[in-house]
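Engineer: File follows, run.txt with compact mmCIF, N, CA and C atoms:
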# COMPACT_ATOMS: atom_id res chain seq x y z
N MET J 1 -21.31 30.84 -4.85
CA MET J 1 -20.61 29.62 -5.21
C MET J 1 -20.71 29.33 -6.71
N ASP J 2 -21.76 29.85 -7.32
CA ASP J 2 -21.94 29.59 -8.75
C ASP J 2 -20.84 30.25 -9.57
N TRP J 3 -20.36 31.41 -9.13
CA TRP J 3 -19.29 32.09 -9.87
C TRP J 3 -18.01 31.26 -9.85
N LEU J 4 -17.75 30.55 -8.72
CA LEU J 4 -16.56 29.69 -8.63
C LEU J 4 -16.69 28.49 -9.57
N ARG J 5 -17.87 27.91 -9.62
CA ARG J 5 -18.11 26.78 -10.52
C ARG J 5 -17.91 27.20 -11.97
N ARG J 6 -18.41 28.37 -12.33
CA ARG J 6 -18.23 28.86 -13.69
C ARG J 6 -16.77 29.18 -13.99
N PHE J 7 -16.05 29.73 -12.99
CA PHE J 7 -14.64 30.05 -13.18
C PHE J 7 -13.80 28.79 -13.39
N MET J 8 -14.10 27.73 -12.64
CA MET J 8 -13.31 26.50 -12.71
C MET J 8 -13.71 25.60 -13.88
N TYR J 9 -14.78 25.92 -14.58
CA TYR J 9 -15.19 25.11 -15.71
C TYR J 9 -14.10 25.10 -16.78
N GLY J 10 -13.68 23.89 -17.19
CA GLY J 10 -12.64 23.75 -18.21
C GLY J 10 -11.23 23.82 -17.66
N ARG J 11 -11.10 23.95 -16.35
CA ARG J 11 -9.78 23.99 -15.72
C ARG J 11 -9.51 22.64 -15.08
N TYR J 12 -8.25 22.36 -14.81
CA TYR J 12 -7.85 21.03 -14.38
C TYR J 12 -8.28 20.70 -12.95
N GLY J 13 -8.03 21.56 -11.98
CA GLY J 13 -8.39 21.27 -10.60
C GLY J 13 -7.27 20.54 -9.88
N GLN J 14 -7.64 19.73 -8.90
CA GLN J 14 -6.64 19.05 -8.07
C GLN J 14 -6.54 17.57 -8.40
N ASP J 15 -5.36 17.01 -8.11
CA ASP J 15 -5.13 15.58 -8.21
C ASP J 15 -4.07 15.21 -7.18
N GLU J 16 -3.54 14.00 -7.27
CA GLU J 16 -2.57 13.52 -6.29
C GLU J 16 -1.27 14.33 -6.33
N PHE J 17 -0.83 14.70 -7.51
CA PHE J 17 0.40 15.48 -7.64
C PHE J 17 0.24 16.86 -7.02
N SER J 18 -0.94 17.47 -7.19
CA SER J 18 -1.20 18.77 -6.59
C SER J 18 -1.16 18.69 -5.07
N ILE J 19 -1.75 17.64 -4.53
CA ILE J 19 -1.74 17.47 -3.08
C ILE J 19 -0.30 17.29 -2.58
N ALA J 20 0.50 16.53 -3.31
CA ALA J 20 1.90 16.34 -2.92
C ALA J 20 2.67 17.66 -2.98
N LEU J 21 2.36 18.52 -3.97
CA LEU J 21 3.02 19.82 -4.05
C LEU J 21 2.67 20.69 -2.85
N ILE J 22 1.42 20.67 -2.42
CA ILE J 22 1.01 21.45 -1.25
C ILE J 22 1.71 20.93 -0.01
N LEU J 23 1.77 19.59 0.16
CA LEU J 23 2.46 19.02 1.31
C LEU J 23 3.93 19.38 1.31
N LEU J 24 4.58 19.32 0.15
CA LEU J 24 5.98 19.71 0.05
C LEU J 24 6.18 21.17 0.44
N SER J 25 5.30 22.03 -0.01
CA SER J 25 5.39 23.44 0.32
C SER J 25 5.23 23.65 1.83
N MET J 26 4.31 22.92 2.44
CA MET J 26 4.11 23.04 3.89
C MET J 26 5.32 22.54 4.67
N ILE J 27 5.91 21.43 4.23
CA ILE J 27 7.08 20.88 4.91
C ILE J 27 8.25 21.84 4.83
N VAL J 28 8.47 22.42 3.66
CA VAL J 28 9.57 23.39 3.53
C VAL J 28 9.30 24.62 4.38
N SER J 29 8.04 25.04 4.47
CA SER J 29 7.70 26.19 5.32
C SER J 29 7.96 25.89 6.79
N ILE J 30 7.65 24.68 7.22
CA ILE J 30 7.91 24.29 8.61
C ILE J 30 9.41 24.25 8.88
N ILE J 31 10.17 23.76 7.91
CA ILE J 31 11.63 23.74 8.07
C ILE J 31 12.16 25.17 8.19
N CYS J 32 11.52 26.10 7.49
CA CYS J 32 11.95 27.51 7.55
C CYS J 32 11.81 28.08 8.95
N ILE J 33 10.90 27.55 9.73
CA ILE J 33 10.73 28.04 11.10
C ILE J 33 11.97 27.72 11.92
N PHE J 34 12.55 26.54 11.70
CA PHE J 34 13.69 26.10 12.50
C PHE J 34 15.03 26.54 11.93
N ILE J 35 15.09 26.81 10.64
CA ILE J 35 16.33 27.27 10.02
C ILE J 35 16.10 28.71 9.56
N PRO J 36 16.64 29.67 10.26
CA PRO J 36 16.35 31.08 9.94
C PRO J 36 17.18 31.63 8.78
N VAL J 37 17.03 31.02 7.61
CA VAL J 37 17.69 31.53 6.41
C VAL J 37 16.59 32.14 5.53
N PRO J 38 16.71 33.42 5.19
CA PRO J 38 15.61 34.11 4.50
C PRO J 38 15.23 33.52 3.14
N TRP J 39 16.16 33.06 2.36
CA TRP J 39 15.84 32.60 1.00
C TRP J 39 15.18 31.24 0.99
N ILE J 40 15.27 30.46 2.08
CA ILE J 40 14.61 29.15 2.11
C ILE J 40 13.09 29.32 2.10
N ASN J 41 12.63 30.39 2.71
CA ASN J 41 11.19 30.65 2.69
C ASN J 41 10.70 30.86 1.26
N LEU J 42 11.51 31.43 0.41
CA LEU J 42 11.13 31.60 -1.00
C LEU J 42 11.08 30.26 -1.72
N VAL J 43 11.89 29.32 -1.29
CA VAL J 43 11.89 27.99 -1.90
C VAL J 43 10.53 27.31 -1.67
N SER J 44 9.91 27.56 -0.53
CA SER J 44 8.60 26.95 -0.26
C SER J 44 7.52 27.49 -1.19
N LEU J 45 7.75 28.65 -1.79
CA LEU J 45 6.76 29.22 -2.70
C LEU J 45 6.80 28.59 -4.09
N ILE J 46 7.90 27.91 -4.43
CA ILE J 46 8.01 27.29 -5.76
C ILE J 46 6.98 26.17 -5.94
N PRO J 47 6.92 25.17 -5.01
CA PRO J 47 5.88 24.15 -5.20
C PRO J 47 4.46 24.71 -5.09
N PHE J 48 4.28 25.72 -4.23
CA PHE J 48 2.96 26.32 -4.10
C PHE J 48 2.55 27.03 -5.39
N GLY J 49 3.48 27.75 -6.00
CA GLY J 49 3.19 28.41 -7.27
C GLY J 49 2.86 27.42 -8.37
N TYR J 50 3.58 26.30 -8.39
CA TYR J 50 3.29 25.27 -9.41
C TYR J 50 1.94 24.62 -9.14
N TYR J 51 1.58 24.49 -7.86
CA TYR J 51 0.26 23.96 -7.50
C TYR J 51 -0.84 24.88 -8.05
N ILE J 52 -0.68 26.20 -7.85
CA ILE J 52 -1.66 27.16 -8.36
C ILE J 52 -1.75 27.08 -9.88
N PHE J 53 -0.59 27.01 -10.54
CA PHE J 53 -0.56 26.90 -12.00
C PHE J 53 -1.31 25.66 -12.48
N ARG J 54 -1.04 24.50 -11.84
CA ARG J 54 -1.69 23.25 -12.24
C ARG J 54 -3.19 23.30 -12.00
N THR J 55 -3.60 23.86 -10.87
CA THR J 55 -5.02 23.89 -10.53
C THR J 55 -5.83 24.70 -11.53
N PHE J 56 -5.30 25.84 -11.97
CA PHE J 56 -6.05 26.72 -12.87
C PHE J 56 -5.71 26.50 -14.34
N SER J 57 -4.91 25.50 -14.65
CA SER J 57 -4.51 25.25 -16.03
C SER J 57 -5.68 24.73 -16.86
N LYS J 58 -5.71 25.12 -18.13
CA LYS J 58 -6.71 24.60 -19.05
C LYS J 58 -6.15 23.52 -19.96
N ASN J 59 -4.85 23.24 -19.84
CA ASN J 59 -4.22 22.18 -20.62
C ASN J 59 -4.34 20.87 -19.84
N ILE J 60 -5.51 20.27 -19.92
CA ILE J 60 -5.83 19.11 -19.10
C ILE J 60 -4.97 17.91 -19.48
N ALA J 61 -4.69 17.70 -20.75
CA ALA J 61 -3.89 16.54 -21.18
C ALA J 61 -2.49 16.59 -20.58
N ALA J 62 -1.87 17.75 -20.57
CA ALA J 62 -0.52 17.87 -20.00
C ALA J 62 -0.53 17.63 -18.50
N ARG J 63 -1.57 18.14 -17.80
CA ARG J 63 -1.64 17.94 -16.35
C ARG J 63 -1.89 16.47 -16.02
N GLN J 64 -2.69 15.78 -16.83
CA GLN J 64 -2.92 14.35 -16.61
C GLN J 64 -1.65 13.56 -16.84
N LYS J 65 -0.86 13.95 -17.83
CA LYS J 65 0.40 13.28 -18.10
C LYS J 65 1.36 13.46 -16.92
N GLU J 66 1.42 14.66 -16.35
CA GLU J 66 2.26 14.91 -15.18
C GLU J 66 1.80 14.07 -14.00
N ASN J 67 0.48 13.96 -13.81
CA ASN J 67 -0.04 13.17 -12.69
C ASN J 67 0.27 11.69 -12.87
N ARG J 68 0.17 11.18 -14.12
CA ARG J 68 0.51 9.77 -14.37
C ARG J 68 1.98 9.52 -14.08
N TRP J 69 2.85 10.45 -14.46
CA TRP J 69 4.27 10.32 -14.16
C TRP J 69 4.49 10.28 -12.64
N PHE J 70 3.84 11.18 -11.92
CA PHE J 70 3.99 11.23 -10.47
C PHE J 70 3.51 9.93 -9.83
N LEU J 71 2.37 9.41 -10.28
CA LEU J 71 1.84 8.17 -9.71
C LEU J 71 2.75 6.99 -10.02
N SER J 72 3.32 6.93 -11.22
CA SER J 72 4.22 5.82 -11.55
C SER J 72 5.49 5.86 -10.72
N TRP J 73 5.89 7.04 -10.31
CA TRP J 73 7.07 7.21 -9.48
C TRP J 73 6.77 6.96 -8.01
N SER J 74 5.59 7.39 -7.54
CA SER J 74 5.30 7.35 -6.11
C SER J 74 4.59 6.08 -5.64
N MET J 75 3.86 5.40 -6.50
CA MET J 75 3.08 4.24 -6.05
C MET J 75 3.93 3.10 -5.51
N PRO J 76 5.09 2.76 -6.07
CA PRO J 76 5.90 1.72 -5.43
C PRO J 76 6.31 2.10 -4.01
N ILE J 77 6.60 3.34 -3.77
CA ILE J 77 6.97 3.79 -2.43
C ILE J 77 5.76 3.70 -1.49
N VAL J 78 4.60 4.12 -1.97
CA VAL J 78 3.38 4.06 -1.16
C VAL J 78 3.03 2.62 -0.82
N ARG J 79 3.12 1.72 -1.81
CA ARG J 79 2.83 0.30 -1.56
C ARG J 79 3.80 -0.29 -0.55
N TRP J 80 5.09 0.05 -0.65
CA TRP J 80 6.09 -0.45 0.29
C TRP J 80 5.75 0.02 1.71
N MET J 81 5.39 1.28 1.85
CA MET J 81 5.03 1.81 3.17
C MET J 81 3.77 1.15 3.70
N GLN J 82 2.79 0.91 2.86
CA GLN J 82 1.56 0.25 3.30
C GLN J 82 1.84 -1.17 3.77
N ASN J 83 2.73 -1.89 3.06
CA ASN J 83 3.10 -3.23 3.48
C ASN J 83 3.80 -3.22 4.83
N ARG J 84 4.69 -2.26 5.05
CA ARG J 84 5.40 -2.17 6.34
C ARG J 84 4.43 -1.87 7.48
N ILE J 85 3.47 -0.99 7.23
CA ILE J 85 2.48 -0.67 8.25
C ILE J 85 1.63 -1.89 8.57
N LYS J 86 1.24 -2.65 7.52
CA LYS J 86 0.46 -3.86 7.73
C LYS J 86 1.25 -4.88 8.53
N MET J 87 2.54 -5.01 8.24
CA MET J 87 3.38 -5.94 8.98
C MET J 87 3.51 -5.51 10.45
N LEU J 88 3.63 -4.23 10.70
CA LEU J 88 3.71 -3.74 12.08
C LEU J 88 2.43 -4.03 12.85
N LYS J 89 1.29 -3.90 12.20
CA LYS J 89 0.01 -4.17 12.86
C LYS J 89 -0.17 -5.66 13.16
N GLN J 90 0.41 -6.53 12.33
CA GLN J 90 0.23 -7.97 12.48
C GLN J 90 1.35 -8.64 13.27
N ARG J 91 2.33 -7.87 13.75
CA ARG J 91 3.50 -8.46 14.39
C ARG J 91 3.17 -9.17 15.71
N LYS J 92 2.02 -8.89 16.31
CA LYS J 92 1.65 -9.55 17.56
C LYS J 92 1.29 -11.01 17.32
N HIS J 93 0.71 -11.32 16.18
CA HIS J 93 0.22 -12.67 15.90
C HIS J 93 1.03 -13.43 14.85
N TYR J 94 1.86 -12.74 14.09
CA TYR J 94 2.59 -13.38 12.99
C TYR J 94 4.06 -12.99 13.01
N ARG J 95 4.89 -13.87 12.43
CA ARG J 95 6.29 -13.56 12.16
C ARG J 95 6.45 -13.51 10.65
N PHE J 96 7.36 -12.70 10.21
CA PHE J 96 7.59 -12.52 8.78
C PHE J 96 9.01 -12.93 8.44
N PHE J 97 9.15 -13.74 7.41
CA PHE J 97 10.45 -14.19 6.94
C PHE J 97 10.58 -13.88 5.46
N ARG J 98 11.81 -13.74 5.01
CA ARG J 98 12.09 -13.49 3.60
C ARG J 98 12.67 -14.76 3.00
N CYS J 99 12.14 -15.16 1.84
CA CYS J 99 12.63 -16.36 1.16
C CYS J 99 14.05 -16.12 0.66
N LYS J 100 14.91 -17.11 0.85
CA LYS J 100 16.30 -16.98 0.40
C LYS J 100 16.41 -17.09 -1.11
N GLY J 101 15.45 -17.74 -1.73
CA GLY J 101 15.52 -17.95 -3.17
C GLY J 101 15.04 -16.78 -4.00
N CYS J 102 13.84 -16.26 -3.65
CA CYS J 102 13.24 -15.24 -4.51
C CYS J 102 12.98 -13.91 -3.80
N GLY J 103 13.10 -13.88 -2.48
CA GLY J 103 12.89 -12.64 -1.75
C GLY J 103 11.45 -12.40 -1.34
N GLN J 104 10.57 -13.36 -1.60
CA GLN J 104 9.16 -13.26 -1.22
C GLN J 104 9.04 -13.19 0.30
N THR J 105 8.12 -12.36 0.81
CA THR J 105 7.88 -12.27 2.25
C THR J 105 6.87 -13.33 2.64
N LEU J 106 7.22 -14.13 3.63
CA LEU J 106 6.35 -15.21 4.10
C LEU J 106 5.83 -14.86 5.49
N ARG J 107 4.55 -15.08 5.72
CA ARG J 107 3.92 -14.79 7.01
C ARG J 107 3.58 -16.11 7.70
N VAL J 108 4.02 -16.23 8.96
CA VAL J 108 3.85 -17.47 9.71
C VAL J 108 3.25 -17.13 11.08
N PRO J 109 2.26 -17.91 11.55
CA PRO J 109 1.71 -17.65 12.89
C PRO J 109 2.78 -17.83 13.97
N LYS J 110 2.73 -16.99 14.99
CA LYS J 110 3.69 -17.09 16.09
C LYS J 110 3.33 -18.26 17.00
N GLY J 111 4.34 -18.77 17.71
CA GLY J 111 4.12 -19.78 18.73
C GLY J 111 3.96 -21.19 18.21
N ARG J 112 4.37 -21.50 17.02
CA ARG J 112 4.25 -22.85 16.47
C ARG J 112 5.53 -23.65 16.64
N GLY J 113 6.55 -23.05 17.21
CA GLY J 113 7.83 -23.74 17.38
C GLY J 113 8.62 -23.76 16.08
N LYS J 114 9.43 -24.82 15.91
CA LYS J 114 10.25 -24.96 14.71
C LYS J 114 9.39 -25.55 13.60
N ILE J 115 9.30 -24.83 12.48
CA ILE J 115 8.47 -25.29 11.37
C ILE J 115 9.25 -25.21 10.07
N GLU J 116 8.82 -26.02 9.12
CA GLU J 116 9.43 -26.01 7.79
C GLU J 116 8.53 -25.18 6.87
N LEU J 117 9.11 -24.16 6.28
CA LEU J 117 8.38 -23.27 5.38
C LEU J 117 8.68 -23.65 3.94
N THR J 118 7.67 -23.57 3.10
CA THR J 118 7.85 -23.73 1.66
C THR J 118 7.35 -22.47 0.99
N CYS J 119 8.22 -21.84 0.24
CA CYS J 119 7.84 -20.62 -0.46
C CYS J 119 6.85 -20.96 -1.56
N PRO J 120 5.70 -20.28 -1.61
CA PRO J 120 4.72 -20.58 -2.66
C PRO J 120 5.15 -20.13 -4.05
N LYS J 121 6.12 -19.23 -4.10
CA LYS J 121 6.54 -18.70 -5.39
C LYS J 121 7.61 -19.57 -6.06
N CYS J 122 8.66 -19.92 -5.29
CA CYS J 122 9.77 -20.66 -5.90
C CYS J 122 9.97 -22.06 -5.31
N ARG J 123 9.13 -22.46 -4.36
CA ARG J 123 9.16 -23.79 -3.74
C ARG J 123 10.46 -24.07 -2.95
N THR J 124 11.16 -23.04 -2.49
CA THR J 124 12.32 -23.23 -1.65
C THR J 124 11.86 -23.59 -0.25
N LYS J 125 12.52 -24.59 0.34
CA LYS J 125 12.16 -25.02 1.69
C LYS J 125 13.19 -24.49 2.68
N MET J 126 12.71 -24.09 3.85
CA MET J 126 13.61 -23.62 4.90
C MET J 126 12.97 -23.94 6.25
N VAL J 127 13.81 -24.10 7.26
CA VAL J 127 13.33 -24.38 8.62
C VAL J 127 13.57 -23.13 9.45
N LYS J 128 12.50 -22.66 10.10
CA LYS J 128 12.55 -21.46 10.92
C LYS J 128 11.80 -21.69 12.22
N LYS J 129 12.13 -20.88 13.24
CA LYS J 129 11.41 -20.91 14.50
C LYS J 129 10.41 -19.76 14.49
N SER J 130 9.13 -20.11 14.73
CA SER J 130 8.11 -19.05 14.68
C SER J 130 7.79 -18.48 16.04
Take the structure in the file and write it out as structure tokens.
Structural biologist:
Amino acid sequence: MDWLRRFMYGRYGQDEFSIALILLSMIVSIICIFIPVPWINLVSLIPFGYYIFRTFSKNIAARQKENRWFLSWSMPIVRWMQNRIKMLKQRKHYRFFRCKGCGQTLRVPKGRGKIELTCPKCRTKMVKKS
């Protein structure tokens, strides 16, 4: 194991973008199983090859810049998905409404009947059934 540690010294290694490249390569490979086109299998090697390049690269500043770009692009999508999952988990006890004024999501306990909601962001009032 010491030889691997010495080999990787000064190299970039893995980050979130590298993991996404591996997942993309795996997804394309799985698609290749169902679509029997020979050249699509070669397409799955492109993200894998870039993953290998990034992992063993010694240009750490460039790899960090690529990872920052990837995170700035992917984090809004990840946050949106996390919010949807949280809403699905809470749907048994809460109802969710969108403010007509600003688009803020409001969470209200279920079973309270007709209630008047006030948006904490823009102070718009609305009447909803919970």
Engineer: Quick one: pull the distance between atom C of Val108 (chain J) and CA of Met75 (chain J), Å, one decimal.
Structural biologist: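 That distance, rounded to one decimal, is 27.4 Å.
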Engineer: I want to know what sits within 6 Å of region 52-62 of chain J, based on all atoms listed in the file, with residues of the same chain fewer than 5 positions away left out; could you give that as a VMD selection string?
Structural biologist: chain J and resid 10 to 14
Engineer: Could you jot down the atom C of Arg68 (chain J) to CA of Val43 (chain J) separation for me, Å, one decimal place?
Structural biologist: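 So the two atoms, atom C of Arg68 (chain J) and CA of Val43 (chain J), lie 24.2 Å apart.
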Engineer: Taking all atoms listed in the file into account, name the residue in J:Trp80, J:His93, J:Trp39, J:Leu23 that is nearest to Gly111 (chain J).
Structural biologist: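 For Gly111 (chain J), the nearest of the candidates is J:His93.
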Engineer: Leaving out Val127 (chain J) and any residue of its chain fewer than 4 positions from it, which residues lie within 8 Å of it when counting all atoms listed in the file, given as a CSV table (one decimal) with N, CA and C atoms, in the coordinates of the input?
Structural biologist:
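File around37.csv, as written:
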chain,number,residue,atom,x,y,z
J,114,LYS,N,9.4,-24.8,15.9
J,114,LYS,CA,10.2,-25.0,14.7
J,114,LYS,C,9.4,-25.6,13.6
J,115,ILE,N,9.3,-24.8,12.5
J,115,ILE,CA,8.5,-25.3,11.4
J,115,ILE,C,9.2,-25.2,10.1
J,116,GLU,N,8.8,-26.0,9.1
J,116,GLU,CA,9.4,-26.0,7.8
J,116,GLU,C,8.5,-25.2,6.9
J,117,LEU,N,9.1,-24.2,6.3
J,117,LEU,CA,8.4,-23.3,5.4
J,117,LEU,C,8.7,-23.6,3.9
J,118,THR,N,7.7,-23.6,3.1
J,118,THR,CA,7.8,-23.7,1.7
J,118,THR,C,7.4,-22.5,1.0
Engineer: Would you compute the distance between CA of Arg63 (chain J) and CA of Ser25 (chain J)? Give it in Å to one decimal.
Structural biologist: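 Going from CA of Arg63 (chain J) over to CA of Ser25 (chain J) covers 18.9 Å.
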Engineer: Counting only C-alpha atoms, I want the residues whose atoms come within 12 Å of (1.7, 20.7, 0.0) in the file frame, returned as a list in words.
Structural biologist: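 Those residues lying close to the given coordinates are Gln14, Asp15, Glu16, Phe17, Ser18, Ile19, Ala20, Leu21, Ile22, Leu23, Leu24, Ser25, Met26, Ile27, Val28, Ser29, Ile30, Ser44, Leu45, Ile46, Pro47, Phe48, Gly49, Tyr50, Tyr51 and Ile52 of chain J.
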Engineer: Considering only N, CA and C atoms, can you say which of J:Leu4, J:Arg91, J:Gly101, J:Lys110 comes closest to Arg123 (chain J)?
Structural biologist: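 Once distances to Arg123 (chain J) are computed over only N, CA and C atoms, the minimum belongs to J:Gly101.
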Engineer: For region 39-42 of chain J, I'd like the enclosing box, axis-aligned and padded by 4 Å on every side, reported as AutoDock Vina command-line options with centre and edge lengths in Å to one decimal.
Structural biologist:
--center_x 13.4 --center_y 31.1 --center_z 0.5 --size_x 13.5 --size_y 11.9 --size_z 12.4
Engineer: From region 88-119 of chain J, collect each residue whose DSSP state is strand (DSSP E or B) and return the set as a PyMOL selection string.
Structural biologist: chain J and resi 94-98+105-109+114-118
Engineer: If you run DSSP on the backbone, which residues of chain J are alpha helix (DSSP H), as an MDAnalysis selection string?
Structural biologist: chainID J and resid 2:8 16:34 38:43 45:56 60:90
